[in-house]
2 protein chains.
Amino acid sequence: MSDPLLDAADFTDDDLIPAIVQDAETDQVLMMAYMTAETLQETLDTGRMVYWSRSRQERWVKGQTSGHTQTVEEARLDCDGDTLLFRVHQEGGACHTGFRSCFHRRAADDGWTTDGEKVFDPDAVYE
Amino acid sequence: MSDPLLDAADFTDDDLIPAIVQDAETDQVLMMAYMTAETLQETLDTGRMVYWSRSRQERWVKGQTSGHTQTVEEARLDCDGDTLLFRVHQEGGACHTGFRSCFHRRAADDGWTTDGEKVFDPDAVYE
């Protein structure tokens, strides 16, 4: 199936495109991950975020293990076509460490301030 | 100078790290671009966003031509250290096409909806 987003998305040499994920309700940036054309297609077809894990080199359905799925509310592409922005409904937390957002630490002059919201216990979710 | 952010940031094989840029006032995602260790250091030292242009292969001070500078309000790093998130004060527009955000087009079933805010005339800014 042809899709304007798939046609316009500019995948890099390693056949990936970065996808920024933003909470559709709060506008918080939750995470960034990468998609192949196939996982982008699956995301658009199913309305659930599906990525490509670069570390595991495999397709990765967000929330398959944890239940912390992401439902697509809106998909955007930037001006030069090489970055996606999805606004999603996030169940639970986006971060595998239990925080709502993967960007839960802020750089301070003398180190880090962890000010993110912890929403689940990773030990209880990932066995 | 050592900096916790520079020490923790995980640059890829091509010595770059992606930086998501979010409007500190409205939470809108404005753009994504890449930084080297040197431009990240310069960004932290000066408080102005400085990138590495992959297309031109050169250092790129945001707003140097257009005046549409970005002042750093907050710098974050994600859980696995391979993506930066900056919250900035954006002068004018982030996008070279004149829009406030580079993500000014939304995918619709039959094409694109351009719903971004146009804030300047690129022909008047870039000669």
# chains A, B, ... in the order shown; residues from 1 in each chain; ligands from 1
>>> closest_atom_pairs(of="chain A", to="chain B", cutoff="10 Å", atoms="only C-alpha atoms", output="tab-separated table")
residue	atom	partner	partner_atom	distance
A:Asp3	CA	B:Gly111	CA	8.0
A:Pro4	CA	B:Gly111	CA	5.6
A:Leu5	CA	B:Ala107	CA	6.3
A:Leu6	CA	B:Ala107	CA	9.9
A:Pro18	CA	B:Pro18	CA	9.2
A:Ile20	CA	B:Ile20	CA	7.9
A:Val21	CA	B:Val29	CA	9.9
A:Gln22	CA	B:Val29	CA	8.4
A:Thr26	CA	B:Asp27	CA	8.8
A:Asp27	CA	B:Asp27	CA	5.9
A:Gln28	CA	B:Asp27	CA	7.1
A:Val29	CA	B:Val29	CA	8.2
A:Leu30	CA	B:Asp78	CA	9.2
A:Met31	CA	B:Asp78	CA	7.4
A:Met32	CA	B:Thr83	CA	7.3
A:Ala33	CA	B:Thr83	CA	9.3
A:Glu74	CA	B:Arg106	CA	7.1
A:Ala75	CA	B:Ala107	CA	5.6
A:Arg76	CA	B:Arg106	CA	4.5
A:Leu77	CA	B:Phe103	CA	5.7
A:Asp78	CA	B:Phe103	CA	4.3
A:Cys79	CA	B:Cys102	CA	5.2
A:Asp80	CA	B:Cys102	CA	8.2
A:Gly81	CA	B:Phe103	CA	9.4
A:Asp82	CA	B:Met32	CA	9.4
A:Thr83	CA	B:Met32	CA	7.3
A:Leu84	CA	B:Phe103	CA	8.2
A:Leu85	CA	B:Phe103	CA	7.2
A:Phe86	CA	B:Arg106	CA	9.6
A:Cys95	CA	B:Cys79	CA	7.5
A:His96	CA	B:Cys79	CA	8.5
A:Thr97	CA	B:Cys79	CA	7.7
A:Phe99	CA	B:Cys79	CA	9.4
A:Ser101	CA	B:Asp78	CA	8.3
A:Cys102	CA	B:Asp78	CA	5.0
A:Phe103	CA	B:Asp78	CA	4.3
A:His104	CA	B:Asp78	CA	6.9
A:Arg105	CA	B:Arg76	CA	5.8
A:Arg106	CA	B:Arg76	CA	4.5
A:Ala107	CA	B:Ala75	CA	5.6
A:Ala108	CA	B:Pro4	CA	8.2
A:Asp109	CA	B:Asp3	CA	8.0
A:Asp110	CA	B:Pro4	CA	7.4
A:Gly111	CA	B:Pro4	CA	5.6
A:Trp112	CA	B:Pro4	CA	7.5
A:Thr113	CA	B:Arg76	CA	9.5
A:Thr114	CA	B:Arg76	CA	9.8
>>> residues_around(residues="A:Val50", least_positions_apart="2", cutoff="10 Å", atoms="only C-alpha atoms", output="ChimeraX atom specification")
/A:33-36,38-44,46-48,52-53,59-64,69-70
>>> atom_distance(atom1="atom CA of A:Glu117", atom2="atom CA of B:Ala8")
21.1 Å
>>> residues_around(residues="B:His89", least_positions_apart="3", cutoff="7 Å", atoms="only C-alpha atoms", output="PDB file with N, CA and C atoms, in the first residue's frame")
ATOM      1  N   ASP B  23      10.322  23.788  22.101  1.00  0.00           N
ATOM      2  CA  ASP B  23      10.045  25.160  22.525  1.00  0.00           C
ATOM      3  C   ASP B  23       9.767  25.161  24.031  1.00  0.00           C
ATOM      4  N   ALA B  24      10.579  25.880  24.791  1.00  0.00           N
ATOM      5  CA  ALA B  24      10.447  25.879  26.249  1.00  0.00           C
ATOM      6  C   ALA B  24       9.152  26.546  26.700  1.00  0.00           C
ATOM      7  N   GLN B  70      18.553  30.150  18.970  1.00  0.00           N
ATOM      8  CA  GLN B  70      17.927  29.324  20.003  1.00  0.00           C
ATOM      9  C   GLN B  70      18.769  29.409  21.271  1.00  0.00           C
ATOM     10  N   THR B  71      18.166  29.889  22.337  1.00  0.00           N
ATOM     11  CA  THR B  71      18.851  30.004  23.616  1.00  0.00           C
ATOM     12  C   THR B  71      18.456  28.822  24.501  1.00  0.00           C
ATOM     13  N   VAL B  72      19.448  28.158  25.047  1.00  0.00           N
ATOM     14  CA  VAL B  72      19.210  26.943  25.829  1.00  0.00           C
ATOM     15  C   VAL B  72      18.569  27.276  27.169  1.00  0.00           C
ATOM     16  N   GLU B  73      17.430  26.642  27.435  1.00  0.00           N
ATOM     17  CA  GLU B  73      16.796  26.754  28.748  1.00  0.00           C
ATOM     18  C   GLU B  73      17.103  25.519  29.589  1.00  0.00           C
TER      19      GLU B  73
END
>>> atom_distance(atom1="atom CA of A:Asp13", atom2="atom CA of A:Asp45")
24.5 Å
>>> select_by_dssp(residues="chain A", states="helix (DSSP H, G or I)", output="JSON, numbers by chain")
{"A": [4, 5, 6, 7, 8, 37, 38, 39, 40, 41, 42, 43, 44, 45, 46, 122, 123, 124, 125]}
>>> select_by_dssp(residues="stretch 10-81 of chain A", states="strand (DSSP E or B)", output="PyMOL selection string")
chain A and resi 17-23+29-35+48+50-53+58-61+70-77
>>> write_last_selection(atoms="C-alpha atoms", output="CSV table (one decimal), in the first residue's frame")
chain,number,residue,atom,x,y,z
A,17,ILE,CA,14.6,6.9,10.1
A,18,PRO,CA,14.4,8.4,13.7
A,19,ALA,CA,11.0,8.9,15.2
A,20,ILE,CA,10.5,11.4,18.0
A,21,VAL,CA,7.6,10.4,20.3
A,22,GLN,CA,5.6,13.1,22.1
A,23,ASP,CA,2.7,12.6,24.6
A,29,VAL,CA,8.8,14.3,24.7
A,30,LEU,CA,8.7,10.6,25.7
A,31,MET,CA,11.5,8.9,23.7
A,32,MET,CA,13.2,8.6,20.3
A,33,ALA,CA,13.6,5.4,18.5
A,34,TYR,CA,14.2,4.2,14.9
A,35,MET,CA,11.9,2.7,12.2
A,48,ARG,CA,0.4,1.1,17.4
A,50,VAL,CA,6.4,-0.4,16.1
A,51,TYR,CA,10.2,0.2,15.9
A,52,TRP,CA,13.4,-1.4,14.8
A,53,SER,CA,15.8,-2.1,17.7
A,58,GLU,CA,14.9,-6.9,15.4
A,59,ARG,CA,11.4,-5.6,15.1
A,60,TRP,CA,10.1,-4.2,18.3
A,61,VAL,CA,6.4,-3.7,19.1
A,70,GLN,CA,1.7,3.7,22.3
A,71,THR,CA,-1.4,4.5,20.2
A,72,VAL,CA,-0.8,6.9,17.3
A,73,GLU,CA,-2.8,10.1,17.4
A,74,GLU,CA,-0.8,12.0,14.8
A,75,ALA,CA,2.2,11.5,12.5
A,76,ARG,CA,4.4,14.3,11.2
A,77,LEU,CA,7.4,14.5,9.0
